[in-house]
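Q: Sending over structure-v8.csv (CSV, C-alpha atoms and all ligand atoms).
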chain,number,residue,atom,x,y,z
A,29,MET,CA,174.2,51.3,125.2
A,30,ALA,CA,170.6,51.9,126.1
A,31,LEU,CA,169.6,53.3,129.5
A,32,LEU,CA,167.8,50.1,130.4
A,33,GLU,CA,168.6,46.8,128.9
A,34,VAL,CA,166.4,43.9,130.0
A,35,ARG,CA,167.5,40.4,128.8
A,36,ASP,CA,165.6,37.1,129.1
A,37,LEU,CA,163.9,38.2,132.2
A,38,GLU,CA,162.0,35.4,134.1
A,39,VAL,CA,159.7,35.6,137.1
A,40,GLY,CA,158.2,32.5,138.8
A,41,VAL,CA,155.6,32.2,141.5
A,42,ALA,CA,156.2,29.6,144.2
A,43,ILE,CA,153.1,27.5,144.8
A,44,GLY,CA,153.0,24.2,146.6
A,45,GLY,CA,156.7,23.5,146.5
A,46,LYS,CA,156.9,24.3,142.7
A,47,VAL,CA,158.0,27.5,141.0
A,48,LEU,CA,155.6,28.2,138.1
A,49,PRO,CA,156.9,30.6,135.4
A,50,VAL,CA,154.7,33.7,135.0
A,51,VAL,CA,157.1,35.9,133.0
A,52,GLN,CA,159.4,34.4,130.5
A,53,GLY,CA,162.1,35.5,128.1
A,54,ILE,CA,161.4,39.2,128.3
A,55,SER,CA,164.0,41.4,126.5
A,56,PHE,CA,163.8,45.0,125.5
A,57,ASP,CA,165.8,48.3,125.6
A,58,VAL,CA,164.7,51.7,126.8
A,59,GLU,CA,166.6,54.7,125.6
A,60,GLU,CA,166.9,58.1,127.3
A,61,ASN,CA,164.0,60.4,126.3
A,62,GLN,CA,162.0,57.5,124.9
A,63,THR,CA,158.7,56.0,125.9
A,64,LEU,CA,158.3,52.2,125.7
A,65,GLY,CA,154.8,50.9,125.9
A,66,ILE,CA,153.9,47.5,127.4
A,67,VAL,CA,150.4,46.4,126.5
A,68,GLY,CA,148.3,43.3,127.1
A,69,GLU,CA,145.2,42.2,128.9
A,70,SER,CA,145.1,41.9,132.7
A,71,GLY,CA,147.2,38.9,133.9
A,72,CYS,CA,149.7,39.0,131.1
A,73,GLY,CA,152.7,39.8,133.4
A,74,LYS,CA,153.1,43.5,132.8
A,75,SER,CA,153.2,44.5,136.5
A,76,LEU,CA,155.5,41.6,137.4
A,77,THR,CA,157.9,42.7,134.7
A,78,SER,CA,158.0,46.2,136.1
A,79,LEU,CA,158.3,45.1,139.7
A,80,ALA,CA,161.2,42.8,138.7
A,81,ILE,CA,163.0,45.8,137.1
A,82,MET,CA,162.3,47.9,140.2
A,83,GLY,CA,163.6,45.1,142.5
A,84,LEU,CA,160.3,44.9,144.3
A,85,LEU,CA,159.6,41.2,144.1
A,86,GLU,CA,161.4,40.2,147.3
A,87,GLY,CA,159.4,39.1,150.3
A,88,SER,CA,156.6,37.4,148.4
A,89,MET,CA,155.8,34.2,146.6
A,90,LEU,CA,157.4,35.7,143.5
A,91,ARG,CA,161.0,35.1,142.5
A,92,LEU,CA,163.3,36.5,139.8
A,93,THR,CA,164.3,33.2,138.2
A,94,GLY,CA,166.5,34.3,135.3
A,95,GLY,CA,167.8,37.0,133.1
A,96,SER,CA,169.7,40.3,133.5
A,97,ILE,CA,168.8,44.0,134.0
A,98,SER,CA,171.4,46.6,133.1
A,99,PHE,CA,170.6,50.2,134.1
A,100,ASN,CA,172.8,53.1,133.2
A,101,GLY,CA,175.6,50.6,132.5
A,102,GLN,CA,175.3,48.9,135.9
A,103,ASP,CA,174.2,45.2,136.4
A,104,LEU,CA,171.3,45.7,138.8
A,105,LEU,CA,171.2,42.1,139.9
A,106,ALA,CA,174.8,42.3,141.0
A,107,LEU,CA,174.2,45.2,143.4
A,108,SER,CA,173.7,44.8,147.2
A,109,PRO,CA,170.1,45.3,148.4
A,110,ARG,CA,171.2,48.6,149.9
A,111,ALA,CA,172.8,49.9,146.7
A,112,ARG,CA,169.7,48.8,144.8
A,113,ARG,CA,167.4,50.7,147.2
A,114,ALA,CA,169.5,53.8,146.8
A,115,ILE,CA,168.8,53.7,143.0
A,116,MET,CA,165.1,53.2,143.6
A,117,GLY,CA,163.1,56.4,144.0
A,118,ASP,CA,166.2,58.4,143.0
A,119,GLN,CA,167.3,57.3,139.5
A,120,MET,CA,164.3,55.0,138.9
A,121,ALA,CA,160.8,55.7,140.1
A,122,MET,CA,157.4,54.0,139.7
A,123,ILE,CA,153.8,55.2,139.6
A,124,PHE,CA,151.1,52.7,140.4
A,125,GLN,CA,147.6,52.4,139.2
A,126,GLU,CA,146.0,53.2,142.5
A,127,PRO,CA,147.5,56.4,144.0
A,128,MET,CA,146.4,55.4,147.5
A,129,THR,CA,148.8,52.5,147.5
A,130,SER,CA,151.7,55.0,147.3
A,131,LEU,CA,150.2,57.9,149.2
A,132,ASN,CA,149.9,57.6,152.9
A,133,PRO,CA,146.4,58.8,154.0
A,134,VAL,CA,147.6,60.1,157.4
A,135,TYR,CA,150.3,62.4,156.1
A,136,ARG,CA,150.0,65.7,154.3
A,137,ILE,CA,151.0,65.4,150.6
A,138,GLY,CA,153.7,68.0,151.0
A,139,ASP,CA,155.4,66.1,153.8
A,140,GLN,CA,155.4,62.9,151.7
A,141,ILE,CA,157.2,64.7,148.9
A,142,ILE,CA,159.6,66.3,151.4
A,143,GLU,CA,160.4,63.0,153.0
A,144,SER,CA,161.3,61.5,149.6
A,145,LEU,CA,163.5,64.5,148.8
A,146,ARG,CA,165.3,64.5,152.1
A,147,GLN,CA,165.9,60.8,151.9
A,148,HIS,CA,167.8,61.0,148.6
A,149,ARG,CA,169.0,64.6,148.5
A,150,SER,CA,170.7,66.6,151.3
A,151,MET,CA,168.2,69.4,151.6
A,152,SER,CA,167.0,71.4,154.5
A,153,GLN,CA,163.4,71.2,155.5
A,154,ARG,CA,162.8,74.6,154.1
A,155,GLN,CA,164.5,73.9,150.8
A,156,ALA,CA,162.6,70.6,150.5
A,157,ARG,CA,159.3,72.4,151.2
A,158,ALA,CA,160.0,75.0,148.5
A,159,ARG,CA,160.9,72.2,146.1
A,160,ALA,CA,157.7,70.3,147.0
A,161,ILE,CA,155.6,73.4,146.1
A,162,GLU,CA,157.5,73.8,142.9
A,163,LEU,CA,156.8,70.1,142.0
A,164,LEU,CA,153.1,70.5,142.8
A,165,ASP,CA,153.0,73.5,140.5
A,166,LEU,CA,154.9,71.5,137.8
A,167,VAL,CA,152.2,68.8,137.8
A,168,ARG,CA,149.5,71.6,137.7
A,169,ILE,CA,148.0,71.3,141.1
A,170,PRO,CA,146.2,74.6,141.6
A,171,ASP,CA,147.2,76.8,144.5
A,172,PRO,CA,150.2,74.7,145.4
A,173,GLU,CA,151.3,76.9,148.4
A,174,ARG,CA,148.0,75.9,150.1
A,175,ARG,CA,147.6,72.4,148.6
A,176,VAL,CA,151.0,71.3,149.9
A,177,ASP,CA,149.4,71.0,153.4
A,178,SER,CA,146.4,68.9,152.1
A,179,TYR,CA,145.8,65.3,153.0
A,180,PRO,CA,145.3,62.8,150.1
A,181,HIS,CA,141.6,62.5,150.8
A,182,GLN,CA,141.1,66.3,150.2
A,183,LEU,CA,142.2,65.9,146.6
A,184,SER,CA,140.4,64.5,143.5
A,185,GLY,CA,141.5,61.2,141.9
A,186,GLY,CA,143.2,63.1,139.1
A,187,GLN,CA,145.0,65.4,141.6
A,188,ARG,CA,146.2,62.4,143.7
A,189,GLN,CA,147.6,60.8,140.5
A,190,ARG,CA,149.4,64.0,139.7
A,191,VAL,CA,150.8,64.2,143.3
A,192,MET,CA,152.1,60.7,142.7
A,193,ILE,CA,153.8,61.8,139.5
A,194,ALA,CA,155.3,64.8,141.5
A,195,MET,CA,156.6,62.3,144.1
A,196,ALA,CA,158.0,60.0,141.4
A,197,LEU,CA,159.7,63.0,139.7
A,198,ALA,CA,161.0,64.6,142.9
A,199,CYS,CA,164.5,63.4,142.5
A,200,GLY,CA,164.7,63.7,138.7
A,201,PRO,CA,164.7,60.0,137.9
A,202,LYS,CA,166.3,58.8,134.7
A,203,LEU,CA,163.6,56.2,134.3
A,204,LEU,CA,160.0,56.4,135.2
A,205,ILE,CA,157.8,53.2,135.2
A,206,ALA,CA,154.1,54.1,135.0
A,207,ASP,CA,151.9,51.0,135.6
A,208,GLU,CA,148.4,51.7,134.3
A,209,PRO,CA,148.8,55.3,135.7
A,210,THR,CA,145.4,56.5,134.3
A,211,THR,CA,143.2,53.4,134.4
A,212,ALA,CA,141.3,54.5,137.5
A,213,LEU,CA,140.6,58.0,136.1
A,214,ASP,CA,137.9,59.5,133.9
A,215,VAL,CA,138.8,59.6,130.2
A,216,THR,CA,139.3,63.4,130.2
A,217,VAL,CA,141.5,63.3,133.3
A,218,GLN,CA,143.4,60.4,131.7
A,219,LYS,CA,144.4,62.4,128.8
A,220,GLU,CA,145.5,65.3,131.0
A,221,VAL,CA,147.7,63.1,133.1
A,222,LEU,CA,149.3,61.4,130.1
A,223,ASP,CA,149.9,64.8,128.4
A,224,LEU,CA,151.5,66.0,131.6
A,225,MET,CA,153.9,63.0,131.8
A,226,LEU,CA,155.0,63.5,128.2
A,227,ASP,CA,155.4,67.2,128.7
A,228,LEU,CA,157.6,66.6,131.7
A,229,GLN,CA,159.5,64.1,129.7
A,230,LYS,CA,160.3,66.7,127.0
A,231,ARG,CA,161.7,69.0,129.7
A,232,THR,CA,163.7,66.5,131.6
A,233,GLY,CA,164.6,63.7,129.2
A,234,THR,CA,163.3,61.0,131.5
A,235,ALA,CA,162.8,57.6,129.9
A,236,ILE,CA,159.3,56.2,130.5
A,237,ILE,CA,157.9,52.7,130.5
A,238,LEU,CA,154.2,53.1,130.1
A,239,ILE,CA,152.1,50.1,131.0
A,240,SER,CA,148.5,49.8,129.8
A,241,HIS,CA,145.9,47.4,128.6
A,242,ASP,CA,144.7,50.0,126.1
A,243,LEU,CA,146.4,49.9,122.8
A,244,GLY,CA,144.9,53.3,122.0
A,245,VAL,CA,146.7,55.0,124.9
A,246,ILE,CA,150.0,53.3,123.8
A,247,SER,CA,149.7,54.3,120.2
A,248,GLU,CA,149.4,58.0,121.1
A,249,THR,CA,152.2,58.1,123.6
A,250,CYS,CA,155.0,55.6,122.9
A,251,ASP,CA,158.0,55.3,120.6
A,252,LYS,CA,158.2,51.5,120.9
A,253,VAL,CA,155.6,48.9,121.8
A,254,VAL,CA,155.9,45.5,123.5
A,255,VAL,CA,152.8,43.3,123.4
A,256,MET,CA,152.7,40.7,126.1
A,257,TYR,CA,150.5,37.6,126.3
A,258,ARG,CA,150.7,35.1,129.2
A,259,GLY,CA,154.1,36.2,130.4
A,260,LYS,CA,155.8,36.4,127.0
A,261,ILE,CA,156.4,39.0,124.4
A,262,VAL,CA,154.2,38.1,121.4
A,263,GLU,CA,155.0,41.1,119.3
A,264,SER,CA,157.3,44.2,119.5
A,265,ALA,CA,158.2,47.0,117.2
A,266,LYS,CA,158.5,50.7,116.8
A,267,THR,CA,155.0,52.2,117.2
A,268,ALA,CA,154.7,53.3,113.6
A,269,THR,CA,155.8,49.8,112.4
A,270,LEU,CA,153.5,48.0,114.7
A,271,PHE,CA,150.4,50.0,113.7
A,272,SER,CA,151.2,49.8,110.0
A,273,ASN,CA,151.9,46.1,110.0
A,274,MET,CA,150.3,44.3,112.9
A,275,SER,CA,151.3,40.7,112.6
A,276,HIS,CA,150.1,38.8,115.6
A,277,PRO,CA,146.4,37.9,115.9
A,278,TYR,CA,146.5,38.9,119.6
A,279,THR,CA,147.7,42.5,118.8
A,280,GLN,CA,145.0,42.7,116.1
A,281,GLY,CA,142.4,41.6,118.6
A,282,LEU,CA,143.6,44.3,121.1
A,283,LEU,CA,143.2,46.9,118.4
A,284,ALA,CA,139.8,45.7,117.6
A,285,SER,CA,138.7,46.0,121.2
A,286,ILE,CA,139.5,49.7,121.4
A,287,PRO,CA,136.1,51.3,121.9
A,288,VAL,CA,135.3,54.0,119.3
A,289,VAL,CA,134.3,57.2,120.9
A,290,ASP,CA,131.5,59.2,119.1
A,291,HIS,CA,129.9,55.9,118.2
A,292,ASP,CA,127.0,54.1,119.7
A,293,VAL,CA,129.0,50.9,120.5
A,294,GLU,CA,126.7,48.2,121.8
A,295,TRP,CA,129.4,45.7,122.3
A,296,LEU,CA,133.1,45.7,121.9
A,297,ASN,CA,134.8,43.4,119.5
A,298,ALA,CA,136.7,41.9,122.4
A,299,ILE,CA,138.9,38.8,122.0
A,300,PRO,CA,136.9,35.7,122.9
A,301,GLY,CA,138.0,33.6,125.9
A,302,ARG,CA,140.4,34.5,128.6
A,303,VAL,CA,144.1,34.5,129.5
A,304,PRO,CA,145.0,30.9,130.6
A,305,LEU,CA,145.6,30.4,134.3
A,306,ILE,CA,149.2,30.1,135.5
A,307,ASP,CA,149.0,26.3,136.2
A,308,GLU,CA,147.3,25.5,132.9
A,309,VAL,CA,149.7,23.6,130.6
A,310,LEU,CA,149.6,24.6,127.0
A,311,PRO,CA,152.2,22.8,124.9
A,312,GLY,CA,151.7,25.0,121.8
A,313,CYS,CA,151.1,28.7,121.4
A,314,ALA,CA,149.4,30.0,124.5
A,315,PHE,CA,147.1,32.1,122.4
A,316,HIS,CA,145.9,29.3,120.1
A,317,PRO,CA,142.6,28.5,122.0
A,318,ARG,CA,141.4,32.1,121.3
A,319,CYS,CA,142.9,32.6,117.9
A,320,SER,CA,140.7,32.5,114.9
A,321,PHE,CA,143.6,31.7,112.6
A,322,ALA,CA,145.0,28.8,114.6
A,323,GLN,CA,146.0,25.7,112.7
A,324,ALA,CA,146.8,22.2,114.0
A,325,SER,CA,150.5,22.9,114.7
A,326,CYS,CA,149.6,25.9,116.9
A,327,ALA,CA,148.2,23.5,119.5
A,328,THR,CA,151.3,21.3,119.6
A,329,SER,CA,154.5,23.3,119.1
A,330,PRO,CA,155.3,26.7,120.7
A,331,PRO,CA,156.2,29.4,118.2
A,332,SER,CA,159.6,31.1,118.6
A,333,ALA,CA,160.0,34.8,118.5
A,334,ASP,CA,161.3,35.8,115.1
A,335,TYR,CA,162.1,39.1,113.4
A,336,VAL,CA,159.8,39.8,110.4
A,337,SER,CA,161.7,43.0,109.7
A,338,ASP,CA,164.4,45.1,111.2
A,339,ASP,CA,163.0,45.8,114.6
A,340,HIS,CA,159.8,43.9,114.4
A,341,LEU,CA,159.5,40.8,116.4
A,342,VAL,CA,156.6,38.4,116.2
A,343,ARG,CA,155.9,35.1,118.1
A,344,CYS,CA,153.5,33.3,115.8
A,345,HIS,CA,153.6,30.3,113.4
A,346,PHE,CA,151.7,32.2,110.8
A,347,PRO,CA,152.5,35.9,111.2
A,348,ASN,CA,150.5,38.1,108.8
A,349,ASP,CA,149.9,34.9,106.8
A,350,ARG,CA,146.2,35.0,106.8
A,351,PRO,CA,143.3,36.0,104.6
A,352,SER,CA,143.1,39.8,104.2
A,353,GLY,CA,140.1,41.5,105.8
A,354,GLY,CA,140.1,38.7,108.4
A,355,GLU,CA,137.8,39.2,111.3
A,356,ALA,CA,140.6,39.9,113.8
A,357,GLY,CA,142.0,42.5,111.4
A,358,GLY,CA,140.0,45.2,113.1
A,359,ASP,CA,138.9,48.4,111.4
A,360,ALA,CA,138.3,50.3,114.7
B,1,LIG,N1,151.7,38.1,144.3
B,1,LIG,C1,151.4,37.2,143.4
B,1,LIG,N2,151.3,35.9,143.8
B,1,LIG,C2,151.0,34.9,142.9
B,1,LIG,N3,150.7,35.1,141.6
B,1,LIG,C3,150.8,36.4,141.2
B,1,LIG,C4,151.1,37.5,142.0
B,1,LIG,N4,151.1,38.6,141.3
B,1,LIG,C5,150.7,38.2,140.0
B,1,LIG,N5,150.5,36.9,139.9
B,1,LIG,C6,150.2,36.2,138.7
B,1,LIG,O1,151.1,36.5,137.7
B,1,LIG,C7,150.4,36.7,136.5
B,1,LIG,C8,150.9,38.1,135.9
B,1,LIG,O2,150.4,39.1,136.8
B,1,LIG,P1,150.6,40.6,136.6
B,1,LIG,O3,152.0,40.9,136.2
B,1,LIG,O4,150.1,41.3,137.7
B,1,LIG,O5,149.7,40.9,135.3
B,1,LIG,P2,149.3,42.3,134.6
B,1,LIG,O6,150.0,43.4,135.3
B,1,LIG,O7,149.6,42.2,133.2
B,1,LIG,O8,147.8,42.4,134.8
B,1,LIG,C9,149.0,36.6,136.7
B,1,LIG,O9,148.5,35.4,136.2
B,1,LIG,C10,148.8,36.6,138.2
B,1,LIG,O10,147.8,35.8,138.6
B,2,MG,MG,149.2,45.0,136.3
Is it possible to give me this structure as structure tokens?

A:
Amino acid sequence: MALLEVRDLEVGVAIGGKVLPVVQGISFDVEENQTLGIVGESGCGKSLTSLAIMGLLEGSMLRLTGGSISFNGQDLLALSPRARRAIMGDQMAMIFQEPMTSLNPVYRIGDQIIESLRQHRSMSQRQARARAIELLDLVRIPDPERRVDSYPHQLSGGQRQRVMIAMALACGPKLLIADEPTTALDVTVQKEVLDLMLDLQKRTGTAIILISHDLGVISETCDKVVVMYRGKIVESAKTATLFSNMSHPYTQGLLASIPVVDHDVEWLNAIPGRVPLIDEVLPGCAFHPRCSFAQASCATSPPSADYVSDDHLVRCHFPNDRPSGGEAGGDA
């Protein structure tokens, strides 16, 4: 049994009396100590998938319309809202792209960590403050005894992101969901923050779901990869398998769009076109209008997700079945 088992997850958005599907048929497992990467362009449903797992869709136009989520052997969807909230922030934590959405600007960072500790653990104010300083030290905030009394605006972007990681790790969660945790940061700080997360994982065994639009980041950090396009998984495999045998033209396009550092890149080999809008009806493969390998059937019948090998799932009518050296093959 995996720590997290997501099966056929579906999310819909209620618009004008209808519920339009935005996330469909998402299934994956995350094991303890493992990092699962979810990659795809903006608008593919990565955040909605993670919010659904965290139980944070309520109170909006968004609905969980199907599927199941098992965490640590418990069926999360069968729990009362109260029991679910108790798990959140304690056994499951989430880091968001923009730290200021989680950090409250009017409270000192130490007090925010202390509050989270005292909510989930019976600790005295003094114990919690000592633990907050320890956590700030763990995420390499310099001079933590002094910084614990800083306000968020007194820290750099990279430091704020590390404080968020400290808050997320405060209670020693079994699962950490990091939704584009480094997108807002400089490249050098990005690497620091990712290394820090992986280093903490080694020490604590926390499972991580790392969400990114950057296949380069995913390749360096994850054990398994799920590639999403327009709310569905189009390819998934162990990282090594995926990178040695990319089978979906969309994944190949994502690889080709990784900018090459040390190179004078004048333009990126980005995938032409855009992710279809949620109310656009596409009877065939949702990627076919942008796919350079599309054939007539791609426009009319939706491909099913099939295993091309052991753990390697591809949703494409013609996986890997294309001329070698094709333009979407990418030599980046
Ligand atoms: N609160 C919302 N209300 C309506 N539609 C939404 C909402 N949040 C996201 N969506 C739609 O759902 C789709 C997936 O969004 P999201 O999961 O945020 O994508 P990603 O994180 O991959 O960029 C997008 O097309 C987006 O427009
Ligand atoms: Mg997102």

Q: List all protein, DNA and RNA residues that have any atom at most 9 Å from ligand LIG 1 (chain B), counting all atoms listed in the file, and write the list as an MDAnalysis selection string.

A: chainID A and resid 39:43 49:51 66:79 85 88:90 207:208 239:241 256:259 303:306

Q: List the spatial neighbours of A:Cys326 as a count of residues only - criterion: any atom at most 7 Å away, all atoms listed in the file, same-chain residues fewer than 3 positions off excluded.

A: 8

Q: Tell me which protein, DNA and RNA residues are within 12 Å of A:Gln229, counting all atoms listed in the file, leaving out same-chain ones fewer than 3 positions away, and put them as a list in words.

A: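 After dropping sequence-adjacent residues, the list is Glu60, Asn61, Gln62, Thr63, Leu166, Val167, Ile193, Leu197, Gly200, Pro201, Lys202, Leu203, Leu204, Leu222, Asp223, Leu224, Met225, Leu226, Thr232, Gly233, Thr234, Ala235, Ile236, Ile237, Thr249 and Cys250 of chain A.
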
Q: Restricting the output to C-alpha atoms, write the selected residues as a PDB file, keeping the file's coordinate frame.

A:
ATOM      1  CA  GLU A  60     166.900  58.100 127.300  1.00  0.00           C
ATOM      2  CA  ASN A  61     164.000  60.400 126.300  1.00  0.00           C
ATOM      3  CA  GLN A  62     162.000  57.500 124.900  1.00  0.00           C
ATOM      4  CA  THR A  63     158.700  56.000 125.900  1.00  0.00           C
ATOM      5  CA  LEU A 166     154.900  71.500 137.800  1.00  0.00           C
ATOM      6  CA  VAL A 167     152.200  68.800 137.800  1.00  0.00           C
ATOM      7  CA  ILE A 193     153.800  61.800 139.500  1.00  0.00           C
ATOM      8  CA  LEU A 197     159.700  63.000 139.700  1.00  0.00           C
ATOM      9  CA  GLY A 200     164.700  63.700 138.700  1.00  0.00           C
ATOM     10  CA  PRO A 201     164.700  60.000 137.900  1.00  0.00           C
ATOM     11  CA  LYS A 202     166.300  58.800 134.700  1.00  0.00           C
ATOM     12  CA  LEU A 203     163.600  56.200 134.300  1.00  0.00           C
ATOM     13  CA  LEU A 204     160.000  56.400 135.200  1.00  0.00           C
ATOM     14  CA  LEU A 222     149.300  61.400 130.100  1.00  0.00           C
ATOM     15  CA  ASP A 223     149.900  64.800 128.400  1.00  0.00           C
ATOM     16  CA  LEU A 224     151.500  66.000 131.600  1.00  0.00           C
ATOM     17  CA  MET A 225     153.900  63.000 131.800  1.00  0.00           C
ATOM     18  CA  LEU A 226     155.000  63.500 128.200  1.00  0.00           C
ATOM     19  CA  THR A 232     163.700  66.500 131.600  1.00  0.00           C
ATOM     20  CA  GLY A 233     164.600  63.700 129.200  1.00  0.00           C
ATOM     21  CA  THR A 234     163.300  61.000 131.500  1.00  0.00           C
ATOM     22  CA  ALA A 235     162.800  57.600 129.900  1.00  0.00           C
ATOM     23  CA  ILE A 236     159.300  56.200 130.500  1.00  0.00           C
ATOM     24  CA  ILE A 237     157.900  52.700 130.500  1.00  0.00           C
ATOM     25  CA  THR A 249     152.200  58.100 123.600  1.00  0.00           C
ATOM     26  CA  CYS A 250     155.000  55.600 122.900  1.00  0.00           C
TER      27      CYS A 250
END

Q: From the set A:Arg343, A:Arg136, A:His181, A:His276, which residue has the shortest atom-to-atom contact distance to A:Ala160, counting only C-alpha atoms?

A: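 Checking each candidate against A:Ala160, we get A:Arg136 as the closest.
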
Q: Give the answer as one residue: which of A:Met192, A:Ile54, A:Leu238, A:Leu183 has the shortest atom-to-atom distance to ligand MG 2 (chain B), using all atoms listed in the file?

A: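 When distances to ligand MG 2 (chain B) are compared using all atoms listed in the file, the smallest one comes from A:Leu238.
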
Q: Could you jot down the atom CA of A:Gln153 to atom CA of A:Met116 separation for me, Å, one decimal place?

A: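 Between atom CA of A:Gln153 and atom CA of A:Met116 the gap works out to 21.6 Å.
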
Q: Let me make sure I understand: among A:Phe346, A:Phe56, A:Tyr179, A:Phe124, which one has the smallest atom-to-atom distance to ligand MG 2 (chain B) if we use all atoms listed in the file?

A: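 Going through A:Phe346, A:Phe56, A:Tyr179, A:Phe124 one by one, the smallest distance to ligand MG 2 (chain B) is for A:Phe124.
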
Q: To one decimal place in Å, what is the distance between atom CA of A:Ala333 and atom CA of A:Val262?

A: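 So the two atoms, atom CA of A:Ala333 and atom CA of A:Val262, lie 7.3 Å apart.
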
Q: Let me make sure I understand: among A:Pro347, A:Gly281, A:Pro180, A:Gly95, which one has the smallest atom-to-atom distance to A:Ala80 if we use all atoms listed in the file?

A: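 Of the candidates, the smallest distance to A:Ala80 is held by A:Gly95.
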
Q: Rounded to one decimal, what separation in Å do you get between atom CA of A:Thr269 and atom CA of A:Gln52?

A: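 If I compute the distance from atom CA of A:Thr269 to atom CA of A:Gln52, I get 24.0 Å.
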
Q: Taking into account only C-alpha atoms and all ligand atoms, which residue in the set A:Ile141, A:Ile97, A:Ala194, A:Ile205 is nearest to ligand MG 2 (chain B)?

A: A:Ile205

Q: Could you list, as a CSV table (one decimal) with C-alpha atoms, in the frame of the given file, every residue within 9 Å of A:Met274, counting all atoms listed in the file and ignoring same-chain residues fewer than 3 positions away?

A:
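Final output, around.csv:
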chain,number,residue,atom,x,y,z
A,263,GLU,CA,155.0,41.1,119.3
A,269,THR,CA,155.8,49.8,112.4
A,270,LEU,CA,153.5,48.0,114.7
A,271,PHE,CA,150.4,50.0,113.7
A,277,PRO,CA,146.4,37.9,115.9
A,279,THR,CA,147.7,42.5,118.8
A,280,GLN,CA,145.0,42.7,116.1
A,347,PRO,CA,152.5,35.9,111.2
A,348,ASN,CA,150.5,38.1,108.8
A,357,GLY,CA,142.0,42.5,111.4

Q: Counting all atoms listed in the file, which residue out of A:Leu84, A:Glu308, A:Arg231, A:Thr211 sits closest to ligand MG 2 (chain B)?

A: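 Ranked by minimum distance to ligand MG 2 (chain B), first place goes to A:Thr211.
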